[in-house]
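For reference, data17.cif (mmCIF, C-alpha atoms):
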```cif
data_start
#
loop_
_atom_site.label_atom_id
_atom_site.label_comp_id
_atom_site.auth_asym_id
_atom_site.auth_seq_id
_atom_site.Cartn_x
_atom_site.Cartn_y
_atom_site.Cartn_z
CA MET A 947 3.83 -6.67 -34.03
CA ILE A 948 7.46 -6.62 -32.84
CA GLY A 949 6.64 -3.71 -30.54
CA ASN A 950 3.75 -5.59 -28.93
CA LEU A 951 5.91 -8.67 -28.47
CA GLY A 952 8.64 -6.50 -26.96
CA LEU A 953 6.11 -4.98 -24.58
CA LEU A 954 5.04 -8.44 -23.46
CA ALA A 955 8.66 -9.62 -23.23
CA GLY A 956 9.58 -6.62 -21.06
CA LEU A 957 6.73 -7.34 -18.68
CA VAL A 958 7.56 -11.06 -18.44
CA LEU A 959 11.23 -10.21 -17.90
CA LEU A 960 10.35 -7.83 -15.07
CA ILE A 961 8.21 -10.49 -13.39
CA MET A 962 10.83 -13.22 -13.78
CA LEU A 963 13.68 -11.08 -12.47
CA ALA A 964 11.60 -9.99 -9.49
CA LEU A 965 10.63 -13.58 -8.72
CA ARG A 966 14.29 -14.57 -8.78
CA GLY A 967 15.11 -11.88 -6.23
CA TRP A 968 16.86 -9.37 -8.50
CA ASN A 969 16.96 -5.73 -7.44
CA ILE A 970 13.74 -4.12 -8.68
CA LEU A 971 15.49 -1.01 -10.01
CA PHE A 972 17.89 -3.10 -12.08
CA ALA A 973 15.00 -5.30 -13.26
CA VAL A 974 13.05 -2.24 -14.37
CA LEU A 975 16.00 -0.73 -16.25
CA VAL A 976 16.62 -3.96 -18.15
CA SER A 977 12.94 -4.34 -18.93
CA VAL A 978 12.47 -0.81 -20.24
CA PHE A 979 15.58 -1.28 -22.39
CA VAL A 980 13.92 -4.28 -24.04
CA ILE A 981 10.67 -2.39 -24.50
CA GLY A 982 12.40 0.67 -25.89
CA MET A 983 14.53 -1.23 -28.39
CA THR A 984 11.59 -3.27 -29.72
CA ASN A 985 9.40 -0.19 -30.03
CA SER A 986 11.88 1.95 -32.03
CA MET A 987 12.63 4.31 -29.14
CA THR A 988 16.02 5.91 -28.82
CA LEU A 989 18.05 5.30 -25.67
CA ALA A 990 17.92 9.00 -24.94
CA ASP A 991 14.12 9.01 -25.07
CA VAL A 992 13.86 5.93 -22.87
CA PHE A 993 16.40 6.77 -20.16
CA LEU A 994 16.53 10.57 -20.26
CA LYS A 995 12.93 11.43 -21.08
CA HIS A 996 10.13 8.88 -20.64
CA PHE A 997 11.55 6.87 -17.73
CA PRO A 998 12.73 9.76 -15.53
CA PHE A 999 10.72 12.84 -16.48
CA GLY A 1000 7.61 11.81 -18.41
CA PRO A 1001 4.07 12.37 -17.08
CA SER A 1002 4.48 9.06 -15.22
CA GLY A 1003 8.25 9.27 -14.91
CA ALA A 1004 10.22 7.95 -11.96
CA PHE A 1005 11.73 11.30 -10.97
CA SER A 1006 8.45 13.13 -11.60
CA PHE A 1007 6.74 10.80 -9.15
CA ALA A 1008 9.61 10.93 -6.63
CA GLY A 1009 9.63 14.71 -6.68
CA ASN A 1010 5.88 14.98 -6.15
CA PHE A 1011 5.68 12.40 -3.37
CA LEU A 1012 9.02 12.76 -1.60
CA MET A 1013 7.53 14.58 1.40
CA LEU A 1014 4.81 11.99 1.91
CA PHE A 1015 7.22 9.05 1.82
CA LEU A 1016 9.77 10.86 3.97
CA TRP A 1017 7.49 11.96 6.80
CA GLY A 1018 5.53 8.72 6.66
CA ALA A 1019 8.74 6.76 7.20
CA VAL A 1020 9.99 9.16 9.90
CA PHE A 1021 6.68 8.87 11.76
CA GLY A 1022 6.81 5.10 11.47
CA ARG A 1023 10.36 5.07 12.82
CA MET A 1024 9.32 7.30 15.74
CA MET A 1025 6.48 4.93 16.59
CA ALA A 1026 8.86 1.97 16.45
CA ALA A 1027 11.79 3.61 18.30
CA SER A 1028 9.55 4.86 21.11
CA GLN A 1029 7.98 1.38 21.41
CA ALA A 1030 4.56 2.99 20.88
CA ALA A 1031 3.70 0.65 18.00
CA HIS A 1032 4.72 -2.33 20.13
CA SER A 1033 2.63 -1.04 23.03
CA VAL A 1034 -0.49 -0.76 20.88
CA ALA A 1035 0.04 -4.28 19.54
CA THR A 1036 0.67 -5.70 23.02
CA ALA A 1037 -2.49 -4.10 24.40
CA ILE A 1038 -4.61 -5.62 21.66
CA THR A 1039 -2.98 -9.00 22.31
CA GLN A 1040 -3.92 -8.78 26.00
CA TRP A 1041 -7.50 -7.88 25.14
CA LEU A 1042 -8.11 -10.59 22.57
CA GLY A 1043 -5.67 -13.35 23.59
CA ALA A 1044 -2.95 -15.14 21.63
CA LYS A 1045 -5.45 -17.63 20.23
CA ARG A 1046 -6.78 -14.79 18.08
CA ALA A 1047 -3.30 -14.02 16.77
CA LEU A 1048 -4.35 -13.77 13.12
CA LEU A 1049 -7.11 -11.30 13.98
CA ILE A 1050 -4.67 -9.38 16.16
CA ALA A 1051 -2.12 -9.14 13.35
CA MET A 1052 -4.75 -7.91 10.93
CA LEU A 1053 -6.18 -5.35 13.36
CA VAL A 1054 -2.82 -3.96 14.46
CA CYS A 1055 -1.55 -3.64 10.89
CA ALA A 1056 -4.79 -1.96 9.86
CA LEU A 1057 -4.59 0.46 12.78
CA LEU A 1058 -0.96 1.33 12.08
CA THR A 1059 -1.39 1.86 8.33
CA TYR A 1060 -4.61 3.81 8.79
CA GLY A 1061 -2.73 5.92 11.30
CA GLY A 1062 -0.14 6.78 8.67
CA VAL A 1063 2.67 4.29 9.26
CA VAL A 1064 4.26 3.21 5.96
CA VAL A 1065 3.51 -0.39 4.93
CA PHE A 1066 7.19 -1.38 4.82
CA VAL A 1067 7.69 -0.08 8.37
CA VAL A 1068 4.60 -1.99 9.55
CA ILE A 1069 6.03 -5.22 8.16
CA PHE A 1070 9.26 -4.79 10.13
CA THR A 1071 7.38 -3.67 13.24
CA MET A 1072 5.00 -6.63 13.22
CA TYR A 1073 7.59 -9.36 12.76
CA PRO A 1074 9.07 -9.28 16.32
CA ILE A 1075 5.56 -9.24 17.79
CA GLY A 1076 4.57 -12.02 15.43
CA VAL A 1077 7.32 -14.32 16.64
CA THR A 1078 5.70 -14.37 20.08
CA LEU A 1079 2.20 -14.76 18.70
CA MET A 1080 3.16 -17.56 16.30
CA ARG A 1081 5.02 -19.37 19.06
CA GLU A 1082 2.18 -19.18 21.60
CA ALA A 1083 -0.65 -20.03 19.17
CA ASN A 1084 1.33 -22.48 16.99
CA ILE A 1085 0.53 -20.62 13.77
CA PRO A 1086 2.28 -21.45 10.48
CA ARG A 1087 4.32 -18.44 9.44
CA ARG A 1088 2.78 -18.39 5.96
CA LEU A 1089 -0.63 -17.62 7.53
CA TYR A 1090 0.77 -14.95 9.81
CA ALA A 1091 2.40 -13.35 6.76
CA ALA A 1092 -0.96 -13.38 4.99
CA ALA A 1093 -2.60 -11.75 8.03
CA ILE A 1094 -0.02 -8.94 7.89
CA ALA A 1095 -0.69 -8.53 4.18
CA LEU A 1096 -4.45 -8.39 4.80
CA GLY A 1097 -4.17 -5.70 7.47
CA ALA A 1098 -1.47 -3.56 5.90
CA GLY A 1099 -2.01 -3.98 2.15
CA THR A 1100 -5.73 -4.08 1.41
CA PHE A 1101 -8.60 -2.02 2.84
CA THR A 1102 -6.53 0.59 4.73
CA MET A 1103 -4.47 1.10 1.58
CA THR A 1104 -7.24 1.68 -0.97
CA ALA A 1105 -10.70 1.59 0.62
CA MET A 1106 -10.96 3.33 3.98
CA PRO A 1107 -11.85 7.03 3.61
CA GLY A 1108 -9.36 9.48 5.06
CA THR A 1109 -6.34 7.20 4.99
CA PRO A 1110 -3.08 9.06 4.24
CA SER A 1111 -1.93 6.23 1.95
CA ILE A 1112 -0.07 7.15 -1.21
CA HIS A 1113 -2.87 5.65 -3.29
CA ASN A 1114 -5.55 7.80 -1.74
CA VAL A 1115 -3.39 10.87 -2.25
CA ILE A 1116 -2.65 10.06 -5.91
CA ALA A 1117 -6.35 9.91 -6.74
CA ALA A 1118 -7.15 13.06 -4.77
CA ARG A 1119 -4.39 15.00 -6.47
CA ALA A 1120 -5.36 13.86 -9.97
CA LEU A 1121 -9.13 14.36 -9.63
CA GLY A 1122 -9.30 17.38 -7.36
CA THR A 1123 -11.11 15.39 -4.67
CA ASP A 1124 -10.16 14.89 -1.04
CA LEU A 1125 -9.07 11.84 0.93
CA PHE A 1126 -12.67 11.02 1.91
CA ALA A 1127 -14.09 10.81 -1.61
CA GLY A 1128 -16.51 7.93 -2.09
CA GLY A 1129 -16.32 7.26 1.64
CA TRP A 1130 -19.33 4.99 2.10
CA TYR A 1131 -18.31 2.85 -0.86
CA GLY A 1132 -14.90 2.51 0.78
CA VAL A 1133 -16.35 1.44 4.12
CA PHE A 1134 -18.53 -1.14 2.35
CA ALA A 1135 -15.54 -2.55 0.44
CA SER A 1136 -13.41 -2.57 3.60
CA ALA A 1137 -15.95 -4.72 5.39
CA ILE A 1138 -15.95 -7.23 2.54
CA MET A 1139 -12.16 -7.50 2.44
CA ALA A 1140 -11.76 -7.79 6.21
CA VAL A 1141 -14.56 -10.32 6.74
CA LEU A 1142 -13.69 -12.54 3.78
CA GLY A 1143 -9.97 -12.33 4.54
CA MET A 1144 -10.33 -13.32 8.19
CA TRP A 1145 -12.83 -16.08 7.37
CA TYR A 1146 -10.36 -17.53 4.88
CA LEU A 1147 -7.33 -17.29 7.19
CA GLU A 1148 -9.11 -18.79 10.18
CA ARG A 1149 -10.35 -21.64 7.97
CA ARG A 1150 -6.85 -22.25 6.65
CA TRP A 1151 -5.50 -22.22 10.20
CA ARG A 1152 -7.96 -24.91 11.28
CA THR A 1153 -7.06 -27.00 8.23
CA ALA A 1154 -3.34 -26.63 8.98
CA THR A 1155 -3.84 -27.57 12.63
CA ASN A 1156 -5.79 -30.69 11.67
CA ALA A 1157 -2.99 -31.64 9.28
CA GLY A 1158 -0.37 -31.25 12.01
CA GLU A 1159 1.17 -28.10 10.53
CA GLY A 1160 2.27 -25.46 12.99
CA TYR A 1161 4.95 -22.96 13.89
CA VAL A 1162 8.56 -23.81 13.07
CA ALA A 1163 11.15 -21.48 14.61
CA THR A 1164 14.16 -20.11 12.76
CA GLU A 1165 17.38 -18.61 14.06
CA GLN A 1166 16.09 -15.17 13.10
CA ASP A 1167 12.90 -15.86 15.04
CA GLU A 1168 14.88 -16.43 18.23
CA LYS A 1169 16.64 -13.09 17.82
CA MET A 1170 13.39 -11.29 17.09
CA HIS A 1171 11.67 -12.91 20.06
CA GLN A 1172 14.36 -11.62 22.42
CA LEU A 1173 14.11 -8.16 20.85
CA ALA A 1174 10.34 -8.08 21.28
CA MET A 1175 10.60 -9.09 24.93
CA ALA A 1176 13.21 -6.39 25.59
CA ARG A 1177 11.07 -3.78 23.90
CA GLY A 1178 8.03 -4.73 25.94
CA HIS A 1179 9.61 -3.42 29.17
CA GLU A 1180 10.21 0.00 27.61
CA SER A 1181 6.82 0.47 26.00
CA PRO A 1182 4.62 3.40 27.04
CA ALA A 1183 1.05 2.84 28.14
CA TRP A 1184 -1.17 2.05 25.20
CA GLN A 1185 -3.42 5.04 25.94
CA LEU A 1186 -0.40 7.29 25.42
CA ALA A 1187 1.06 5.24 22.57
CA ILE A 1188 -2.02 5.59 20.40
CA LEU A 1189 -2.17 9.39 20.66
CA PRO A 1190 0.25 10.16 17.77
CA MET A 1191 -1.87 8.10 15.37
CA ILE A 1192 -5.00 9.88 16.58
CA ILE A 1193 -3.26 13.22 16.00
CA VAL A 1194 -2.35 12.28 12.42
CA LEU A 1195 -5.90 11.21 11.61
CA ALA A 1196 -7.41 14.23 13.36
CA ILE A 1197 -5.31 16.67 11.34
CA ILE A 1198 -6.24 14.94 8.09
CA VAL A 1199 -9.95 14.96 9.01
CA LEU A 1200 -10.10 18.53 10.34
CA PRO A 1201 -10.36 20.52 7.07
CA ARG A 1202 -13.21 18.36 5.80
CA LEU A 1203 -15.09 18.53 9.09
CA LEU A 1204 -14.78 22.32 9.19
CA GLN A 1205 -15.92 22.57 5.58
CA MET A 1206 -18.97 20.42 6.40
CA VAL A 1207 -20.05 22.86 9.13
CA GLY A 1208 -19.63 25.86 6.83
CA GLN A 1209 -16.24 27.12 7.99
CA SER A 1210 -13.78 28.59 5.49
CA ALA A 1211 -10.19 29.76 5.69
CA ASP A 1212 -7.08 29.70 3.53
CA TRP A 1213 -5.56 26.83 5.49
CA ILE A 1214 -8.78 24.81 5.17
CA THR A 1215 -8.72 25.30 1.41
CA PHE A 1216 -5.05 24.35 1.40
CA GLY A 1217 -5.77 21.15 3.31
CA LEU A 1218 -8.53 20.18 0.89
CA THR A 1219 -6.72 21.07 -2.33
CA GLN A 1220 -3.16 19.96 -1.46
CA PRO A 1221 -3.61 16.39 -0.20
CA ILE A 1222 0.08 15.49 -0.57
CA LEU A 1223 1.38 18.38 1.50
CA TRP A 1224 -1.48 18.23 4.01
CA ALA A 1225 -1.02 14.49 4.64
CA SER A 1226 2.74 15.08 4.90
CA PHE A 1227 2.13 17.85 7.43
CA ALA A 1228 -0.12 15.53 9.45
CA LEU A 1229 2.60 12.87 9.54
CA LEU A 1230 5.18 15.50 10.55
CA MET A 1231 2.94 16.57 13.43
CA GLY A 1232 2.62 12.92 14.40
CA ALA A 1233 6.41 12.62 14.54
CA ILE A 1234 6.70 15.78 16.65
CA SER A 1235 4.03 14.49 19.02
CA CYS A 1236 6.15 11.37 19.55
CA PHE A 1237 9.01 13.62 20.67
CA VAL A 1238 6.71 15.45 23.10
CA LEU A 1239 4.94 12.38 24.49
CA PHE A 1240 7.73 9.82 24.76
CA LYS A 1241 10.59 11.04 26.92
CA PRO A 1242 12.97 8.08 26.23
CA LEU A 1243 12.79 8.94 22.52
CA ARG A 1244 14.23 12.42 22.98
CA SER A 1245 17.78 11.24 23.59
CA ARG A 1246 17.83 9.44 20.23
CA PHE A 1247 15.42 11.69 18.36
CA SER A 1248 17.95 12.78 15.75
CA ASP A 1249 18.98 9.17 15.14
CA ALA A 1250 15.34 8.19 14.68
CA ILE A 1251 14.87 10.98 12.14
CA CYS A 1252 17.95 9.87 10.18
CA GLU A 1253 16.82 6.26 10.26
CA GLY A 1254 13.33 7.29 9.14
CA VAL A 1255 14.74 9.26 6.24
CA ASN A 1256 16.78 6.23 5.27
CA ASP A 1257 13.65 4.07 5.59
CA SER A 1258 11.88 6.28 3.05
CA ILE A 1259 14.51 6.05 0.32
CA LEU A 1260 14.18 2.41 -0.74
CA PRO A 1261 10.35 2.36 -0.89
CA LEU A 1262 10.38 5.68 -2.78
CA ILE A 1263 13.00 4.52 -5.28
CA ASN A 1264 11.37 1.13 -5.82
CA THR A 1265 7.92 2.66 -6.27
CA ALA A 1266 9.28 5.38 -8.55
CA ALA A 1267 11.19 2.79 -10.61
CA VAL A 1268 8.04 0.74 -11.21
CA ILE A 1269 6.15 3.90 -12.13
CA GLY A 1270 9.00 4.84 -14.49
CA PHE A 1271 8.56 1.42 -16.12
CA GLY A 1272 4.94 2.33 -16.67
CA GLY A 1273 6.03 5.73 -17.95
CA VAL A 1274 7.91 4.00 -20.77
CA VAL A 1275 5.10 1.50 -21.37
CA ILE A 1276 2.48 4.20 -21.92
CA GLN A 1277 4.63 5.73 -24.68
CA THR A 1278 4.44 2.56 -26.78
CA THR A 1279 1.96 1.98 -29.58
CA GLY A 1280 0.95 -1.29 -27.98
CA PHE A 1281 -0.14 0.42 -24.78
CA HIS A 1282 -2.22 2.98 -26.65
CA ASP A 1283 -3.88 0.16 -28.55
CA PHE A 1284 -4.45 -1.60 -25.22
CA ALA A 1285 -5.95 1.54 -23.66
CA ALA A 1286 -8.18 2.11 -26.67
CA TRP A 1287 -9.32 -1.50 -26.45
CA LEU A 1288 -10.14 -1.08 -22.76
CA LEU A 1289 -12.17 2.07 -23.37
CA ALA A 1290 -14.00 0.46 -26.31
CA LEU A 1291 -15.09 -2.62 -24.39
CA PRO A 1292 -18.89 -2.97 -24.50
CA MET A 1293 -19.47 -2.55 -20.77
CA PRO A 1294 -20.67 0.15 -18.38
CA PRO A 1295 -18.02 2.79 -17.60
CA LEU A 1296 -17.79 1.71 -13.94
CA LEU A 1297 -17.06 -1.88 -14.90
CA SER A 1298 -14.53 -0.61 -17.43
CA VAL A 1299 -12.80 1.34 -14.63
CA PHE A 1300 -12.58 -1.88 -12.62
CA VAL A 1301 -11.07 -3.82 -15.53
CA SER A 1302 -8.64 -1.15 -16.73
CA ALA A 1303 -7.25 -0.11 -13.32
CA ASN A 1304 -6.79 -3.77 -12.38
CA LEU A 1305 -4.96 -4.67 -15.58
CA ILE A 1306 -2.67 -1.64 -15.48
CA SER A 1307 -1.78 -2.33 -11.85
CA GLY A 1308 -1.15 -5.94 -12.81
CA VAL A 1309 1.27 -4.83 -15.52
CA THR A 1310 3.23 -2.70 -13.05
CA ALA A 1311 2.64 -4.95 -9.98
CA SER A 1312 2.07 -1.76 -8.04
CA ALA A 1313 -1.20 -0.20 -6.94
CA SER A 1314 0.42 3.23 -6.69
CA GLY A 1315 2.20 2.84 -10.01
CA GLY A 1316 -0.87 1.52 -11.78
CA LEU A 1317 -3.06 4.20 -10.26
CA GLN A 1318 -0.67 6.95 -11.30
CA ILE A 1319 -0.69 5.68 -14.88
CA PHE A 1320 -4.47 5.22 -14.85
CA MET A 1321 -5.04 8.76 -13.63
CA SER A 1322 -2.72 10.32 -16.20
CA SER A 1323 -3.87 8.28 -19.21
CA LEU A 1324 -7.42 6.95 -18.76
CA ALA A 1325 -9.19 8.90 -16.02
CA PRO A 1326 -10.10 11.89 -18.25
CA ALA A 1327 -12.04 9.59 -20.59
CA TYR A 1328 -14.11 8.21 -17.71
CA LEU A 1329 -14.85 11.68 -16.41
CA GLU A 1330 -16.07 12.62 -19.88
CA ALA A 1331 -18.23 9.48 -19.86
CA GLY A 1332 -20.07 10.82 -16.82
CA VAL A 1333 -18.36 9.05 -13.91
CA SER A 1334 -18.27 11.42 -10.93
CA PRO A 1335 -14.80 12.34 -9.63
CA GLU A 1336 -15.64 11.06 -6.12
CA LEU A 1337 -16.80 7.65 -7.32
CA LEU A 1338 -13.92 7.38 -9.79
CA HIS A 1339 -11.50 8.20 -6.97
CA ARG A 1340 -12.69 5.37 -4.74
CA LEU A 1341 -13.37 2.77 -7.43
CA ALA A 1342 -10.02 3.32 -9.16
CA ASN A 1343 -8.29 2.94 -5.78
CA LEU A 1344 -10.14 -0.29 -5.07
CA ALA A 1345 -9.45 -1.71 -8.52
CA ALA A 1346 -5.77 -0.76 -8.40
CA GLY A 1347 -5.50 -2.79 -5.17
CA GLY A 1348 -6.43 -6.04 -6.93
CA LEU A 1349 -3.80 -7.32 -9.34
CA ASP A 1350 -1.13 -5.11 -7.75
CA SER A 1351 0.00 -7.97 -5.48
CA LEU A 1352 1.21 -10.34 -8.18
CA PRO A 1353 4.39 -12.36 -7.44
CA HIS A 1354 6.75 -9.58 -8.53
CA SER A 1355 5.24 -6.99 -6.18
CA GLY A 1356 7.93 -5.29 -4.11
CA ALA A 1357 5.88 -5.48 -0.91
CA VAL A 1358 5.23 -9.20 -1.39
CA ILE A 1359 8.91 -9.88 -1.96
CA ALA A 1360 9.88 -7.81 1.10
CA LEU A 1361 7.40 -9.65 3.32
CA PHE A 1362 8.50 -13.10 2.19
CA THR A 1363 12.18 -12.23 2.50
CA LEU A 1364 11.80 -10.93 6.04
CA MET A 1365 9.80 -13.94 7.21
CA GLY A 1366 11.95 -16.54 5.46
CA LEU A 1367 9.22 -17.71 3.09
CA LYS A 1368 9.21 -18.79 -0.54
CA HIS A 1369 6.53 -18.01 -3.08
CA LYS A 1370 5.63 -21.65 -3.59
CA GLU A 1371 4.74 -22.14 0.10
CA ALA A 1372 3.14 -18.80 0.96
CA TYR A 1373 1.91 -16.96 -2.12
CA ARG A 1374 -1.42 -18.81 -2.38
CA ASP A 1375 -2.69 -17.36 0.90
CA VAL A 1376 -1.37 -13.88 0.14
CA PHE A 1377 -3.02 -14.04 -3.29
CA MET A 1378 -6.40 -14.82 -1.76
CA VAL A 1379 -6.40 -11.95 0.75
CA THR A 1380 -4.61 -9.29 -1.34
CA VAL A 1381 -5.79 -10.07 -4.88
CA LEU A 1382 -8.96 -12.14 -5.02
CA PHE A 1383 -10.93 -10.64 -2.13
CA PRO A 1384 -10.07 -7.00 -3.00
CA MET A 1385 -11.27 -7.69 -6.54
CA VAL A 1386 -14.51 -9.14 -5.13
CA ALA A 1387 -14.94 -6.01 -2.99
CA ALA A 1388 -14.33 -3.69 -5.95
CA LEU A 1389 -16.85 -5.62 -8.07
CA ALA A 1390 -19.38 -5.35 -5.25
CA VAL A 1391 -18.92 -1.57 -5.24
CA VAL A 1392 -19.45 -1.50 -9.02
CA MET A 1393 -22.71 -3.43 -8.63
CA VAL A 1394 -23.98 -1.18 -5.84
CA ALA A 1395 -23.06 1.97 -7.75
CA LEU A 1396 -24.82 0.69 -10.87
CA VAL A 1397 -27.96 -0.09 -8.87
CA LEU A 1398 -27.95 3.30 -7.17
CA GLY A 1399 -27.39 4.98 -10.53
#
```
Output the structure of this file as structure tokens.
Amino acid sequence: MIGNLGLLAGLVLLIMLALRGWNILFAVLVSVFVIGMTNSMTLADVFLKHFPFGPSGAFSFAGNFLMLFLWGAVFGRMMAASQAAHSVATAITQWLGAKRALLIAMLVCALLTYGGVVVFVVIFTMYPIGVTLMREANIPRRLYAAAIALGAGTFTMTAMPGTPSIHNVIAARALGTDLFAGGWYGVFASAIMAVLGMWYLERRWRTATNAGEGYVATEQDEKMHQLAMARGHESPAWQLAILPMIIVLAIIVLPRLLQMVGQSADWITFGLTQPILWASFALLMGAISCFVLFKPLRSRFSDAICEGVNDSILPLINTAAVIGFGGVVIQTTGFHDFAAWLLALPMPPLLSVFVSANLISGVTASASGGLQIFMSSLAPAYLEAGVSPELLHRLANLAAGGLDSLPHSGAVIALFTLMGLKHKEAYRDVFMVTVLFPMVAALAVVMVALVLG
């Protein structure tokens, strides 16, 4: 009983500290201390075994995924430093017009993240562009923030087949599938998230306009607006700017396409069986292509690499810390009772996958952290129950992208901090597009899969 209460107290403490703006690593360490002490774990087991090096340990995760985070961040920095990301965004703005700013934000973020740019880098890239868009279209910043969250943190993160996202790679590595597993289900879910999300945001924008709510500039906005204007003069043509993202996606797709036409080779097998290294290689090639294509970047190429490496550290540490929290949680009796309860629920296995992956991601407030824990602790039971690896891959990804965006999510906190927002004014809209609608999409996939048998 005390252990279960300690488990709950540790989770609540983590959420409260995150909401109050405490460093996530510190919050995790305090929380796992509470959990460990109330569950009769020694300090050595908590901080030297389960948290760092367990099956879902922080250092275990960081070691396995270092290359993906590193080259993803370096590629993102190259796209930003060369002004290629800005060029792509500007081109879409010219095509669609500033009055479609929310759609533009969603599309650009989706394109960048599907092209391999790390979510955190996308957030920082989109803010200077967003200042101009919000100013011209008179959009409340809370809605623009929600549009960024919709494009960067939903369907391109968990649903779209082939995406080099960390979540897609985790599932592929654990189940022996590839990044395109359950592809049609992912496309179906993506359509639901995108359509519902944009319908909601456009409706909220009309309501805000009718109520007299609009854009309110901040001092930081003025600085970002000037930066965006300066960058616009240095941007390459959009046809050239989009090539590195096409290269990344093409490299990721190539092994599967060759396999489909009956080709075989050692490197094709490597690409299909080593999704972490293959996606990392694709991102590295994307970064090199930036050097080749964008001449102004060459003079500061080494600086961009160093900045990209630095960009990768904080997301990697924060993600690893949350996963380490889960690594301690799964060693408690309460979690095993919770997992047994989930597996024993009188429901079809696919619905059980939806419930369990959602709840675990909610506990960790991290889709990647929850998915890592799900794959190491519950996935084998669902495979034994007859769920195919491909369907489990996609459905677990979709479900993990539901409750992951609770208030203490690191990405949510980073977005609000950058845009000068508070949870009480902006979280409702982010909740709708990153929690509710992804859960609706995942449930729709469950229903379709059950009907198709």
Test item: residues at most 7 Å from segment 1123-1126 of chain A, all atoms listed in the file, excluding those fewer than 3 positions along its chain, as a PyMOL selection string: chain A and resi 1107-1109+1114-1115+1118-1119+1129+1218+1221+1335-1336
Point (8.8, -18.7, 13.2), cut-off 9 Å, counting only C-alpha atoms, residues as a ChimeraX atom specification: /A:1076-1078,1080-1081,1085-1087,1161-1168,1365-1366
Applying 6 Å and only C-alpha atoms, which residues near Ala1313 of chain A remain after dropping the ones on its own chain fewer than 6 positions away? List them as a count of residues only. 4
Result set of the PyMOL selection byres ((chain A and resi 1039) around 12) on the coordinates above, as a ChimeraX atom specification: /A:1032-1038,1040-1054,1075-1076,1078-1079,1082-1083,1184
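Here atom CA of Met1013 of chain A and atom CA of Leu1223 of chain A stand 7.2 Å from one another.
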With a distance cut-off of 12 Å and only C-alpha atoms, select the neighbouring residues of segment 958-966 of chain A, excluding the residue or stretch itself and same-chain residues fewer than 3 positions from it, and output the selection as a PDB file with C-alpha atoms, keeping the file's coordinate frame.
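Contents of the output file result_11.pdb:
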```
ATOM      1  CA  LEU A 951       5.910  -8.670 -28.470  1.00  0.00           C
ATOM      2  CA  GLY A 952       8.640  -6.500 -26.960  1.00  0.00           C
ATOM      3  CA  LEU A 953       6.110  -4.980 -24.580  1.00  0.00           C
ATOM      4  CA  LEU A 954       5.040  -8.440 -23.460  1.00  0.00           C
ATOM      5  CA  ALA A 955       8.660  -9.620 -23.230  1.00  0.00           C
ATOM      6  CA  ASN A 969      16.960  -5.730  -7.440  1.00  0.00           C
ATOM      7  CA  ILE A 970      13.740  -4.120  -8.680  1.00  0.00           C
ATOM      8  CA  LEU A 971      15.490  -1.010 -10.010  1.00  0.00           C
ATOM      9  CA  PHE A 972      17.890  -3.100 -12.080  1.00  0.00           C
ATOM     10  CA  ALA A 973      15.000  -5.300 -13.260  1.00  0.00           C
ATOM     11  CA  VAL A 974      13.050  -2.240 -14.370  1.00  0.00           C
ATOM     12  CA  LEU A 975      16.000  -0.730 -16.250  1.00  0.00           C
ATOM     13  CA  VAL A 976      16.620  -3.960 -18.150  1.00  0.00           C
ATOM     14  CA  SER A 977      12.940  -4.340 -18.930  1.00  0.00           C
ATOM     15  CA  VAL A 978      12.470  -0.810 -20.240  1.00  0.00           C
ATOM     16  CA  PHE A 979      15.580  -1.280 -22.390  1.00  0.00           C
ATOM     17  CA  VAL A 980      13.920  -4.280 -24.040  1.00  0.00           C
ATOM     18  CA  ILE A 981      10.670  -2.390 -24.500  1.00  0.00           C
ATOM     19  CA  ASN A1264      11.370   1.130  -5.820  1.00  0.00           C
ATOM     20  CA  ALA A1267      11.190   2.790 -10.610  1.00  0.00           C
ATOM     21  CA  VAL A1268       8.040   0.740 -11.210  1.00  0.00           C
ATOM     22  CA  PHE A1271       8.560   1.420 -16.120  1.00  0.00           C
ATOM     23  CA  GLY A1272       4.940   2.330 -16.670  1.00  0.00           C
ATOM     24  CA  GLY A1308      -1.150  -5.940 -12.810  1.00  0.00           C
ATOM     25  CA  VAL A1309       1.270  -4.830 -15.520  1.00  0.00           C
ATOM     26  CA  THR A1310       3.230  -2.700 -13.050  1.00  0.00           C
ATOM     27  CA  ALA A1311       2.640  -4.950  -9.980  1.00  0.00           C
ATOM     28  CA  SER A1312       2.070  -1.760  -8.040  1.00  0.00           C
ATOM     29  CA  SER A1351       0.000  -7.970  -5.480  1.00  0.00           C
ATOM     30  CA  LEU A1352       1.210 -10.340  -8.180  1.00  0.00           C
ATOM     31  CA  PRO A1353       4.390 -12.360  -7.440  1.00  0.00           C
ATOM     32  CA  HIS A1354       6.750  -9.580  -8.530  1.00  0.00           C
ATOM     33  CA  SER A1355       5.240  -6.990  -6.180  1.00  0.00           C
ATOM     34  CA  GLY A1356       7.930  -5.290  -4.110  1.00  0.00           C
ATOM     35  CA  ALA A1357       5.880  -5.480  -0.910  1.00  0.00           C
ATOM     36  CA  VAL A1358       5.230  -9.200  -1.390  1.00  0.00           C
ATOM     37  CA  ILE A1359       8.910  -9.880  -1.960  1.00  0.00           C
ATOM     38  CA  ALA A1360       9.880  -7.810   1.100  1.00  0.00           C
ATOM     39  CA  PHE A1362       8.500 -13.100   2.190  1.00  0.00           C
ATOM     40  CA  THR A1363      12.180 -12.230   2.500  1.00  0.00           C
ATOM     41  CA  LYS A1368       9.210 -18.790  -0.540  1.00  0.00           C
ATOM     42  CA  HIS A1369       6.530 -18.010  -3.080  1.00  0.00           C
ATOM     43  CA  LYS A1370       5.630 -21.650  -3.590  1.00  0.00           C
ATOM     44  CA  TYR A1373       1.910 -16.960  -2.120  1.00  0.00           C
TER      45      TYR A1373
END
```
